[in-house]
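Asks: Quick one: this structure, given as structure tokens, is what I'll be asking you about.
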Amino acid sequence: MLLFREPVPDDWLPKVLSRLPDVLVDHAHLERKAATSALNLEKYRLLYNRVGELNAIAIEELQHFQLVLDLLKKRSIPFGQAQPSLWISGLMRSIRNGQQGQAIDHLVCCSLIEGRSCEKFQILARVLEERDPELARFYAALVESEGNHYATYLLMARGIDEQETTRRLDFYLDLDAQLIRQPKPLPVLH
């Protein structure tokens, strides 16, 4: 169950539907970055016992990256430059220093990013059913994986320190709500 305190803004869906090729390029970059994030989490001593799970997530994210690249090729959409996400950078800038605090914050941020992906992929799968059935199926197929990553990262953080994770999750849910309300001029997933 997703814990978000603020829904996806009303203007997000029309914006992404009007520029689906750009959104697919953005999606490819997000999958690549998600793989990198899973690997970066392996640097924390507190997660050494979870390296196998983190590798599995990284591999799955790279597979998703390849699926999006294949979709771009099939649709003759050139792979282009990544667009910055003010929402993601806003979350990541608030990660504290210090082994435990940094690990928990990093995990909570990754969890929320995966959770928002799950939420938005569900929306896209539903609204694209008639307009673009292939893309609707594609997004529907990714929902479970994103939800699993959301839960896995949150459980990893709770495994480090349950109370601190609850406290930081509360902080990040407020920050997410603040950041998601900010205007986003580009048609991006996040």
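Residue names in the structure tokens use chain letters A, B, ... in the order shown, residue numbers from 1 in each chain, and ligand numbers from 1 in the order shown.
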What lies within 10 Å of Ala151 in chain A using only C-alpha atoms, ignoring chain neighbours under 4 positions off, as an NGL selection string?

Replies: :A and (1-2 or 108 or 111-112 or 114-115 or 145-147 or 155-157)

Asks: Write out as number ranges by chain the residues lying within 9 Å of Glu61 in chain A, counting only C-alpha atoms and excluding same-chain residues fewer than 2 positions away.

Replies: A: 31-36, 38, 56-59, 63-66

Asks: Could you check the closest approach to His190 in chain A for each of A:Cys109, A:Val68, A:Leu30, A:Leu24 and tell me which residue wins, using only C-alpha atoms?

Replies: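 Result for the nearest residue to His190 in chain A: A:Leu30.
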
Asks: Would you mind telling me which residue in A:Thr165, A:Gln99, A:Ile160, A:Phe171 lies nearest to Asn49 in chain A when using only C-alpha atoms?

Replies: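 Between A:Thr165, A:Gln99, A:Ile160, A:Phe171, the residue approaching Asn49 in chain A most closely is A:Ile160.
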
Asks: Of the residues A:Glu119, A:Lys184, A:Leu124, A:His149, which is the one nearest to Phe4 in chain A, using only C-alpha atoms?

Replies: A:Glu119

Asks: Excluding same-chain residues fewer than 6 positions from Tyr44 in chain A, what lies within 9 Å of it counting only C-alpha atoms, as a list of chain:residue names?

Replies: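 Returned residues: A:Gln99, A:Gln100, A:Gln102, A:Ala103.
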